[in-house]
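Text of final_28.txt (compact mmCIF, C-alpha atoms) as supplied:
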# COMPACT_ATOMS: atom_id res chain seq x y z
CA MET A 126 16.01 -12.43 5.65
CA LEU A 127 14.75 -10.99 8.95
CA TYR A 128 11.18 -11.51 7.72
CA GLY A 129 11.94 -15.20 7.13
CA ILE A 130 13.72 -15.65 10.45
CA ILE A 131 10.84 -14.12 12.42
CA HIS A 132 8.23 -16.25 10.65
CA TYR A 133 10.30 -19.40 11.01
CA THR A 134 10.92 -18.74 14.72
CA TYR A 135 7.59 -17.38 15.93
CA PHE A 136 5.10 -18.94 13.51
CA LYS A 137 6.94 -22.16 12.62
CA GLY A 138 7.14 -21.02 9.02
CA GLY A 139 3.67 -19.63 8.48
CA ASP A 140 2.29 -18.88 5.03
CA THR A 141 5.72 -17.83 3.74
CA PHE A 142 7.26 -21.28 4.05
CA ILE A 143 4.06 -23.01 2.98
CA TYR A 144 4.19 -21.01 -0.26
CA LEU A 145 7.88 -21.89 -0.61
CA SER A 146 7.24 -25.61 -0.14
CA GLU A 147 4.28 -25.71 -2.51
CA SER A 148 6.02 -23.68 -5.23
CA THR A 149 9.05 -25.96 -4.96
CA LEU A 150 6.95 -29.10 -5.42
CA LEU A 151 5.04 -27.50 -8.26
CA GLY A 152 8.30 -26.34 -9.85
CA ARG A 153 9.54 -29.90 -10.00
CA THR A 154 6.27 -30.82 -11.68
CA PHE A 155 6.82 -28.03 -14.20
CA LEU A 156 10.19 -29.45 -15.23
CA SER A 157 8.90 -32.99 -15.66
CA HIS A 158 5.33 -32.35 -16.88
CA PRO A 159 5.08 -28.87 -18.46
CA ASN A 160 1.69 -29.58 -20.08
CA TYR A 161 0.16 -30.35 -16.70
CA TYR A 162 1.64 -27.19 -15.20
CA ILE A 163 0.34 -24.93 -17.99
CA GLY A 164 -3.15 -26.37 -17.71
CA SER A 165 -3.03 -26.04 -13.94
CA ILE A 166 -1.95 -22.39 -13.94
CA LEU A 167 -4.81 -21.53 -16.31
CA GLY A 168 -7.31 -23.13 -13.95
CA TRP A 169 -8.19 -26.01 -16.26
CA ASP A 170 -9.34 -29.32 -14.86
CA VAL A 171 -6.38 -31.25 -16.28
CA SER A 172 -5.71 -34.89 -15.58
CA VAL A 173 -2.82 -35.78 -13.30
CA PRO A 174 0.02 -37.50 -15.22
CA ASN A 175 0.78 -40.00 -12.45
CA ALA A 176 0.39 -40.56 -8.72
CA ILE A 177 3.74 -38.97 -7.88
CA VAL A 178 2.99 -35.57 -9.41
CA PHE A 179 2.25 -32.80 -6.94
CA THR A 180 -1.38 -31.78 -7.49
CA TYR A 181 -1.55 -28.42 -5.74
CA PRO A 182 -3.78 -26.65 -6.19
CA ASP A 183 -6.75 -28.17 -7.94
CA ALA A 184 -8.85 -26.16 -10.35
CA THR A 185 -11.41 -25.10 -7.73
CA ILE A 186 -8.95 -22.94 -5.77
CA PHE A 187 -8.29 -20.93 -8.93
CA TRP A 188 -11.52 -19.06 -8.25
CA LYS A 189 -11.58 -19.42 -4.46
CA ASP A 190 -8.16 -17.92 -3.71
CA LEU A 191 -6.69 -16.57 -6.94
CA GLY A 192 -3.93 -14.62 -5.17
CA THR A 193 -2.46 -17.67 -3.45
CA TYR A 194 -2.89 -19.70 -6.63
CA MET A 195 -0.95 -17.23 -8.76
CA LEU A 196 1.75 -16.60 -6.14
CA VAL A 197 2.57 -20.29 -5.80
CA HIS A 198 2.52 -20.90 -9.56
CA PHE A 199 4.65 -17.85 -10.30
CA HIS A 200 7.34 -18.83 -7.82
CA ALA A 201 7.23 -22.35 -9.25
CA LEU A 202 8.56 -20.78 -12.47
CA LEU A 203 11.61 -19.62 -10.50
CA TYR A 204 12.45 -23.15 -9.37
CA PRO A 205 15.05 -23.77 -12.14
CA PHE A 206 16.93 -20.70 -10.82
CA THR A 207 16.36 -21.12 -7.07
CA LEU A 208 16.03 -24.92 -6.64
CA GLY A 209 13.69 -24.14 -3.74
CA HIS A 210 16.20 -22.10 -1.69
CA TYR A 211 14.40 -19.44 0.35
CA HIS A 212 17.11 -16.79 0.16
CA LEU A 213 17.15 -16.90 -3.65
CA HIS A 214 13.39 -16.34 -3.78
CA ILE A 215 13.87 -13.45 -1.35
CA PHE A 216 16.54 -11.92 -3.57
CA PHE A 217 13.99 -11.83 -6.39
CA ILE A 218 11.33 -10.34 -4.09
CA ALA A 219 13.78 -7.71 -2.82
CA THR A 220 14.45 -6.69 -6.42
CA ILE A 221 10.72 -6.22 -7.06
CA GLY A 222 10.42 -4.19 -3.87
CA LEU A 223 13.36 -2.02 -4.92
CA PHE A 224 11.76 -1.20 -8.29
CA ALA A 225 8.48 -0.39 -6.50
CA SER A 226 10.30 1.99 -4.14
CA LEU A 227 12.08 3.60 -7.09
CA ASN A 228 8.71 4.16 -8.77
CA PHE A 229 7.35 5.82 -5.64
CA TYR A 230 10.50 7.92 -5.39
CA ASN A 231 9.96 9.10 -8.96
CA ILE A 232 6.29 9.91 -8.21
CA PHE A 233 6.80 11.69 -4.87
CA ARG A 234 9.77 13.63 -6.21
CA GLN A 235 7.42 15.29 -8.69
CA ILE A 236 4.28 15.83 -6.59
CA LEU A 237 5.54 16.39 -3.03
CA GLU A 238 7.66 19.13 -1.45
CA LEU A 239 10.15 17.14 0.60
CA PRO A 240 13.85 17.48 1.40
CA LYS A 241 15.79 14.83 -0.49
CA PHE A 242 16.85 12.94 2.63
CA THR A 243 13.25 12.77 3.88
CA LEU A 244 12.06 11.66 0.46
CA ILE A 245 14.59 8.81 0.45
CA VAL A 246 13.50 7.71 3.94
CA CYS A 247 9.80 7.75 2.99
CA CYS A 248 10.41 5.67 -0.14
CA PHE A 249 13.07 3.21 1.00
CA PHE A 250 13.39 3.02 4.78
CA LEU A 251 9.96 3.06 6.44
CA PRO A 252 10.31 0.07 8.81
CA SER A 253 6.82 -1.43 8.57
CA LEU A 254 6.47 -1.00 4.81
CA THR A 255 9.96 -2.38 4.20
CA PHE A 256 9.34 -5.37 6.47
CA TRP A 257 5.94 -6.46 5.18
CA THR A 258 7.02 -6.23 1.53
CA ALA A 259 10.19 -8.26 2.17
CA GLY A 260 8.72 -11.73 2.46
CA LEU A 261 7.50 -14.45 0.14
CA HIS A 262 3.96 -13.15 0.26
CA LYS A 263 1.50 -11.14 -1.82
CA ASP A 264 2.28 -7.69 -0.41
CA VAL A 265 5.39 -6.93 -2.47
CA TYR A 266 3.46 -7.60 -5.69
CA ILE A 267 0.65 -5.26 -4.61
CA TYR A 268 3.27 -2.66 -3.71
CA PHE A 269 4.86 -2.96 -7.15
CA GLY A 270 1.52 -3.02 -8.99
CA LEU A 271 0.28 0.06 -7.14
CA SER A 272 3.50 1.95 -7.90
CA LEU A 273 3.08 1.21 -11.62
CA PHE A 274 -0.58 2.27 -11.46
CA LEU A 275 0.25 5.64 -9.86
CA LEU A 276 3.17 6.22 -12.20
CA SER A 277 0.97 5.60 -15.24
CA LEU A 278 -1.65 8.07 -13.95
CA LEU A 279 1.03 10.71 -13.43
CA GLU A 280 2.35 10.19 -16.96
CA PHE A 281 -1.19 10.46 -18.35
CA GLN A 282 -1.61 13.70 -16.45
CA GLN A 283 1.65 15.07 -17.84
CA LYS A 284 0.79 13.74 -21.32
CA THR A 285 4.24 12.28 -21.75
CA ARG A 286 5.20 8.82 -22.95
CA LEU A 287 1.56 7.79 -23.37
CA SER A 288 2.37 4.43 -24.94
CA LYS A 289 4.58 3.50 -21.97
CA ALA A 290 1.93 4.80 -19.58
CA ILE A 291 -0.69 2.51 -21.16
CA ALA A 292 1.67 -0.45 -20.92
CA LYS A 293 2.40 0.28 -17.24
CA LEU A 294 -1.32 0.65 -16.53
CA CYS A 295 -2.13 -2.71 -18.14
CA VAL A 296 0.67 -4.50 -16.28
CA SER A 297 -0.39 -2.93 -12.96
CA ILE A 298 -4.03 -3.94 -13.45
CA PHE A 299 -2.96 -7.49 -14.30
CA ILE A 300 -0.71 -7.80 -11.24
CA ILE A 301 -3.22 -6.34 -8.79
CA GLY A 302 -6.09 -8.28 -10.35
CA MET A 303 -4.24 -11.58 -10.07
CA ILE A 304 -3.06 -11.07 -6.48
CA ARG A 305 -5.86 -9.09 -4.78
CA HIS A 306 -8.56 -8.38 -7.31
CA TYR A 307 -10.81 -6.55 -4.84
CA LEU A 308 -8.30 -3.67 -4.77
CA LEU A 309 -9.30 -2.89 -8.36
CA VAL A 310 -12.77 -2.11 -7.01
CA LEU A 311 -11.19 0.45 -4.66
CA LEU A 312 -9.04 1.92 -7.44
CA LEU A 313 -11.89 2.32 -9.94
CA PRO A 314 -13.95 5.11 -8.25
CA ALA A 315 -10.76 6.92 -7.19
CA THR A 316 -9.55 6.82 -10.81
CA ILE A 317 -12.87 8.12 -12.15
CA ALA A 318 -12.83 10.97 -9.64
CA TYR A 319 -9.17 11.69 -10.46
CA ILE A 320 -9.94 12.00 -14.18
CA CYS A 321 -12.86 14.31 -13.39
CA THR A 322 -10.62 16.59 -11.32
CA LEU A 323 -8.18 16.92 -14.22
CA TYR A 324 -10.93 18.66 -16.19
CA ALA A 325 -12.73 20.29 -13.24
CA PRO A 326 -10.02 21.18 -10.70
CA LYS A 327 -12.27 23.20 -8.38
CA ARG A 328 -13.84 21.69 -5.26
CA ILE A 329 -11.97 18.43 -5.66
CA TRP A 330 -13.21 16.69 -2.52
CA ARG A 331 -16.81 17.39 -3.46
CA THR A 332 -16.11 15.71 -6.79
CA TYR A 333 -14.74 12.66 -4.99
CA LEU A 334 -17.76 12.54 -2.68
CA ILE A 335 -20.18 12.67 -5.62
CA VAL A 336 -18.29 10.04 -7.63
CA TYR A 337 -18.02 7.66 -4.67
CA SER A 338 -21.72 8.05 -3.82
CA ILE A 339 -22.80 7.35 -7.39
CA PHE A 340 -20.34 4.46 -7.71
CA ILE A 341 -21.42 2.73 -4.48
CA GLY A 342 -25.12 3.16 -5.19
CA GLY A 343 -24.79 2.14 -8.84
CA THR A 344 -22.63 -0.90 -8.05
CA LEU A 345 -24.97 -2.18 -5.36
CA GLY A 346 -27.99 -1.66 -7.63
CA LEU A 347 -26.48 -3.30 -10.69
CA ALA A 348 -25.13 -6.23 -8.72
CA LYS A 349 -28.46 -6.92 -7.06
CA PHE A 350 -31.01 -6.26 -9.79
CA ILE A 351 -29.02 -7.18 -12.90
CA PHE A 352 -26.67 -9.95 -11.74
CA GLY A 353 -28.51 -11.11 -8.62
CA ILE A 354 -25.41 -10.65 -6.43
CA GLU A 355 -25.67 -9.34 -2.86
CA LEU A 356 -22.39 -7.47 -2.38
CA LEU A 357 -23.17 -6.58 1.22
CA GLU A 358 -23.72 -10.25 1.98
CA ILE A 359 -20.34 -11.03 0.43
CA LEU A 360 -18.72 -8.47 2.75
CA ALA A 361 -20.46 -9.99 5.77
CA ASN A 362 -19.37 -13.50 4.77
CA GLN A 363 -15.79 -12.35 4.26
CA GLN A 364 -15.73 -10.85 7.75
CA THR A 365 -17.13 -14.12 9.10
CA ALA A 366 -14.23 -15.97 7.45
CA PHE A 367 -11.72 -13.67 9.19
CA LEU A 368 -13.56 -14.07 12.51
CA ALA A 369 -13.20 -17.84 12.16
CA GLU A 370 -9.41 -17.53 12.20
CA VAL A 371 -8.17 -18.65 15.59
CA GLY A 372 -4.99 -17.16 17.03
CA GLY A 373 -3.44 -15.27 19.89
CA SER A 374 -3.68 -11.96 18.07
CA SER A 375 -7.40 -12.08 17.32
CA ILE A 376 -9.46 -9.07 18.44
CA LYS A 377 -12.08 -10.16 20.94
CA ASP A 378 -15.76 -9.22 20.99
CA VAL A 379 -15.90 -8.08 17.34
CA ALA A 380 -19.51 -7.52 16.32
CA PRO A 381 -20.39 -9.47 13.15
CA LEU A 382 -21.54 -7.43 10.17
CA SER A 383 -25.07 -7.69 8.88
CA PRO A 384 -25.63 -7.41 5.11
CA THR A 385 -27.19 -3.95 5.43
CA LEU A 386 -25.90 -0.42 4.84
CA GLY A 387 -26.96 0.54 8.36
CA SER A 388 -24.78 -2.17 9.90
CA ILE A 389 -21.76 -1.16 7.80
CA PHE A 390 -22.08 2.58 8.51
CA SER A 391 -22.48 1.95 12.23
CA THR A 392 -19.31 -0.20 12.21
CA ILE A 393 -17.15 2.42 10.44
CA PRO A 394 -15.96 4.19 13.65
CA ILE A 395 -14.88 0.87 15.21
CA ALA A 396 -13.23 -0.11 11.93
CA PHE A 397 -11.04 3.00 11.97
CA VAL A 398 -10.19 2.41 15.63
CA ASN A 399 -9.07 -1.14 14.83
CA VAL A 400 -6.98 -0.26 11.80
CA LEU A 401 -5.54 3.03 13.14
CA GLY A 402 -5.28 2.20 16.83
CA ARG A 403 -4.71 -1.47 17.43
CA PRO A 404 -2.92 -3.13 18.95
CA PHE A 405 -3.15 -0.88 22.00
CA LEU A 406 -0.11 -0.97 24.25
CA TRP A 407 -2.04 -2.67 27.06
CA GLU A 408 -3.23 -5.38 24.65
CA CYS A 409 0.25 -6.46 23.52
CA LYS A 410 1.07 -10.07 24.38
CA ASP A 411 4.52 -10.39 22.81
CA PHE A 412 7.36 -8.43 21.25
CA LEU A 413 5.89 -8.48 17.73
CA GLN A 414 2.59 -6.99 18.89
CA LEU A 415 4.54 -4.34 20.79
CA ILE A 416 6.36 -3.40 17.57
CA ALA A 417 3.03 -3.16 15.74
CA SER A 418 1.65 -0.95 18.52
CA LEU A 419 4.66 1.37 18.41
CA GLU A 420 4.33 1.55 14.64
CA ILE A 421 0.75 2.81 14.71
CA LEU A 422 1.56 5.18 17.58
CA SER A 423 4.39 6.64 15.50
CA PHE A 424 1.99 7.20 12.63
CA LEU A 425 -0.51 8.96 14.89
CA VAL A 426 2.27 11.14 16.32
CA LEU A 427 3.35 12.03 12.78
CA PHE A 428 -0.26 12.89 11.97
CA ALA A 429 -0.55 15.21 14.98
CA VAL A 430 2.84 16.86 14.46
CA SER A 431 2.23 17.41 10.75
CA LEU A 432 -1.05 19.19 11.46
CA ALA A 433 0.43 21.24 14.32
CA LEU A 434 3.56 22.26 12.39
CA ARG A 435 2.10 22.35 8.90
CA LYS A 436 3.44 24.71 6.30
CA GLN A 437 1.86 28.13 6.25
CA SER A 438 1.57 28.08 2.50
CA ILE A 439 1.58 25.07 0.20
CA LYS A 440 1.32 25.39 -3.55
CA SER A 441 -1.75 23.93 -5.20
CA PRO A 442 -1.52 20.16 -4.67
CA ASN A 443 -1.12 17.80 -7.57
CA PRO A 444 -4.45 16.02 -8.34
CA LEU A 445 -2.72 12.70 -7.78
CA ILE A 446 -2.41 13.51 -4.07
CA HIS A 447 -6.19 13.49 -3.67
CA PHE A 448 -6.33 10.16 -5.50
CA ILE A 449 -3.75 8.64 -3.14
CA VAL A 450 -5.59 9.88 -0.04
CA ALA A 451 -8.94 8.56 -1.28
CA TYR A 452 -7.53 5.14 -2.15
CA ALA A 453 -5.53 4.79 1.09
CA ILE A 454 -8.48 5.73 3.31
CA THR A 455 -10.90 3.35 1.58
CA ASN A 456 -8.28 0.59 1.76
CA LEU A 457 -7.80 1.13 5.50
CA LEU A 458 -11.57 1.26 6.00
CA LEU A 459 -12.07 -2.06 4.22
CA VAL A 460 -9.34 -3.69 6.32
CA GLY A 461 -10.87 -2.33 9.51
CA LEU A 462 -14.33 -3.59 8.56
CA LEU A 463 -13.34 -7.12 7.62
CA VAL A 464 -10.16 -8.15 9.45
CA SER A 465 -10.18 -9.07 13.14
CA ASN A 466 -6.61 -10.34 13.52
CA ILE A 467 -3.98 -7.84 14.70
CA GLY A 468 -1.15 -9.47 12.75
CA THR A 469 -3.17 -9.48 9.53
CA ILE A 470 -4.23 -5.86 10.10
CA ALA A 471 -0.60 -4.80 10.57
CA ARG A 472 0.35 -6.44 7.26
CA TYR A 473 -2.64 -5.23 5.25
CA ARG A 474 -2.34 -1.60 6.39
CA ALA A 475 1.42 -1.25 5.83
CA ILE A 476 1.33 0.03 2.24
CA ALA A 477 -1.49 2.51 2.85
CA LEU A 478 0.18 3.85 6.02
CA GLY A 479 3.50 4.16 4.21
CA ILE A 480 1.97 6.25 1.44
CA LEU A 481 0.02 8.42 3.88
CA SER A 482 3.19 8.95 5.95
CA ALA A 483 4.87 10.49 2.91
CA LEU A 484 1.87 12.79 2.35
CA LEU A 485 1.83 13.86 6.01
CA THR A 486 5.54 14.63 5.82
CA HIS A 487 4.75 16.73 2.74
CA ILE A 488 2.68 19.21 4.77
CA LEU A 489 5.15 19.25 7.70
CA ASP A 490 7.16 22.48 7.88
CA PHE A 491 10.75 21.28 8.20
CA TYR A 492 11.94 24.87 8.33
CA HIS A 493 9.52 25.92 11.05
CA ILE A 494 12.27 27.40 13.25
CA TYR A 495 14.71 28.58 10.60
CA PRO A 496 12.51 31.38 9.15
CA LYS A 497 12.01 32.82 12.66
CA LYS A 498 15.75 33.09 13.21
CA SER A 499 16.16 34.61 9.77
CA ASN A 500 13.42 37.17 10.45
CA GLN A 501 14.98 38.10 13.77
CA LYS A 502 18.29 38.82 12.03
CA ASN A 503 16.58 40.90 9.39
CA THR A 504 14.61 42.77 12.03
CA SER A 505 17.71 43.52 14.09
CA ILE A 506 19.47 44.94 11.02
CA SER A 507 16.47 47.01 10.00
CA ASN A 508 16.23 48.55 13.47
CA ILE A 509 19.72 50.07 13.25
CA ASP A 510 19.69 53.80 12.76
CA PRO A 511 21.42 54.59 9.46
CA THR A 512 22.51 57.99 10.82
CA SER A 513 24.75 56.25 13.34
CA PHE A 514 27.08 55.18 10.53
CA SER A 515 30.02 57.32 9.61
CA LYS A 516 30.46 58.31 5.98
CA LYS A 517 33.17 55.67 5.66
CA ASN A 518 30.91 52.92 7.09
CA LYS A 519 28.02 54.04 4.90
CA ALA A 520 30.20 53.62 1.82
CA LYS A 521 31.21 50.10 2.95
CA LEU A 522 27.58 49.18 3.63
CA LEU A 523 26.49 50.33 0.18
CA GLN A 524 29.25 48.27 -1.38

Could I get this file's structure written as structure tokens?
Amino acid sequence: MLYGIIHYTYFKGGDTFIYLSESTLLGRTFLSHPNYYIGSILGWDVSVPNAIVFTYPDATIFWKDLGTYMLVHFHALLYPFTLGHYHLHIFFIATIGLFASLNFYNIFRQILELPKFTLIVCCFFLPSLTFWTAGLHKDVYIYFGLSLFLLSLLEFQQKTRLSKAIAKLCVSIFIIGMIRHYLLVLLLPATIAYICTLYAPKRIWRTYLIVYSIFIGGTLGLAKFIFGIELLEILANQQTAFLAEVGGSSIKDVAPLSPTLGSIFSTIPIAFVNVLGRPFLWECKDFLQLIASLEILSFLVLFAVSLALRKQSIKSPNPLIHFIVAYAITNLLLVGLLVSNIGTIARYRAIALGILSALLTHILDFYHIYPKKSNQKNTSISNIDPTSFSKKNKAKLLQ
């Protein structure tokens, strides 16, 4: 509800209430003209029954913005249960977010060494992750789809419930593909490398580096010489589209990308600064930007503290941890390269930062002080001269 209040107050509704309005109008169409709705959701160029019928969106947007298209159509299906009331849609979204958090709890419980309270906080109460997956938007569906994807990989690794793992994998690919299909491109090389490490567990990061190099080179080559598609030009055009967005939270003086590898590699340092540093405290123009700045500062503090107070010995990490790190870093890099709006960056990075926060907490030594006190007690006892005990005290000590 807080997500809705903030968007209604500060952004006069924003995308959240646009999606609500459009899904409500489309839901009414579904009840009166189901054939038109079914053809519309499949992207067919169907004829409009009459002039009163809501015609959003037309067939062209099916390919232009598939995520928005599917989000609006899916919530239109909920209209008979919600009648267009925002809080009823949010109840459904909160339920999806809860199941996603439960999936992550189940995953992290098996692959991370965390106290139970910390595990619960990382899965259910991280402020930014909880906030950005609480609205009528695409993020909660990506959060849920990613949780199913990771859970299916873990079950494959453990070779348990394979039929359910395949079903979860298919559902996760469908959800992510319908909402943000480009994330499947990020998941593919990480998955290939993950499978390789299951059979060759030595030098895992070298395996990831080799797989990613081959994947990037092969994808660019196939796209250009077989399909005639310039992927680098698509990236440059996508950044141009983000640069065209006008708003008070836009990052100024962002250098446009050129469709060359040299331009992209030279922009990587700035991309990481944008996604892992902005908004800087001195750039904040309002309370919401200040919150976003404090959020990223908290993450950087956690990063520094986890490295400074890391555990002296950690058991061999589960191969899924390397997969999560690789996916999260490439996701953050893509956001930093393309997005030039601070608000959009804060929303797009929330899931990746939430997952990385749990991994950083995994290497943090929560008992950094306790073992020292315990050793001091043991040392003080060991330094006592046994000959100073009387025979009676020696007998008590042995007991």

> What's the 8 Å shell around range 475-487 of chain A, counting all atoms listed in the file, without same-chain residues fewer than 5 positions away, as a ChimeraX atom specification?
Replying inline: /A:237-239,244,247-248,251,253-254,257,268,424,427-428,431,446,449-450,453-454,456-457

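For the atom pair formed by CA of Glu358 in chain A and CA of Thr344 in chain A, the distance is 13.8 Å, given to one decimal.
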
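With distances restricted to all atoms listed in the file, A:Phe233 is the closest residue to Leu275 in chain A from A:Lys263, A:Tyr337, A:Phe155, A:Phe233.
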
>> Residues proximal to (-0.9, -1.6, 17.2) were defined as those with any atom within 12 Å of that point in the file's coordinates, counting all atoms listed in the file. Which are they, as a PyMOL selection string?
In response: chain A and resi 253+374+376+398-425+466-472+474-475

>> Report, in Å with one decimal, the straight-line distance from CA of Pro314 in chain A to CA of Phe390 in chain A.
In response: 18.8 Å
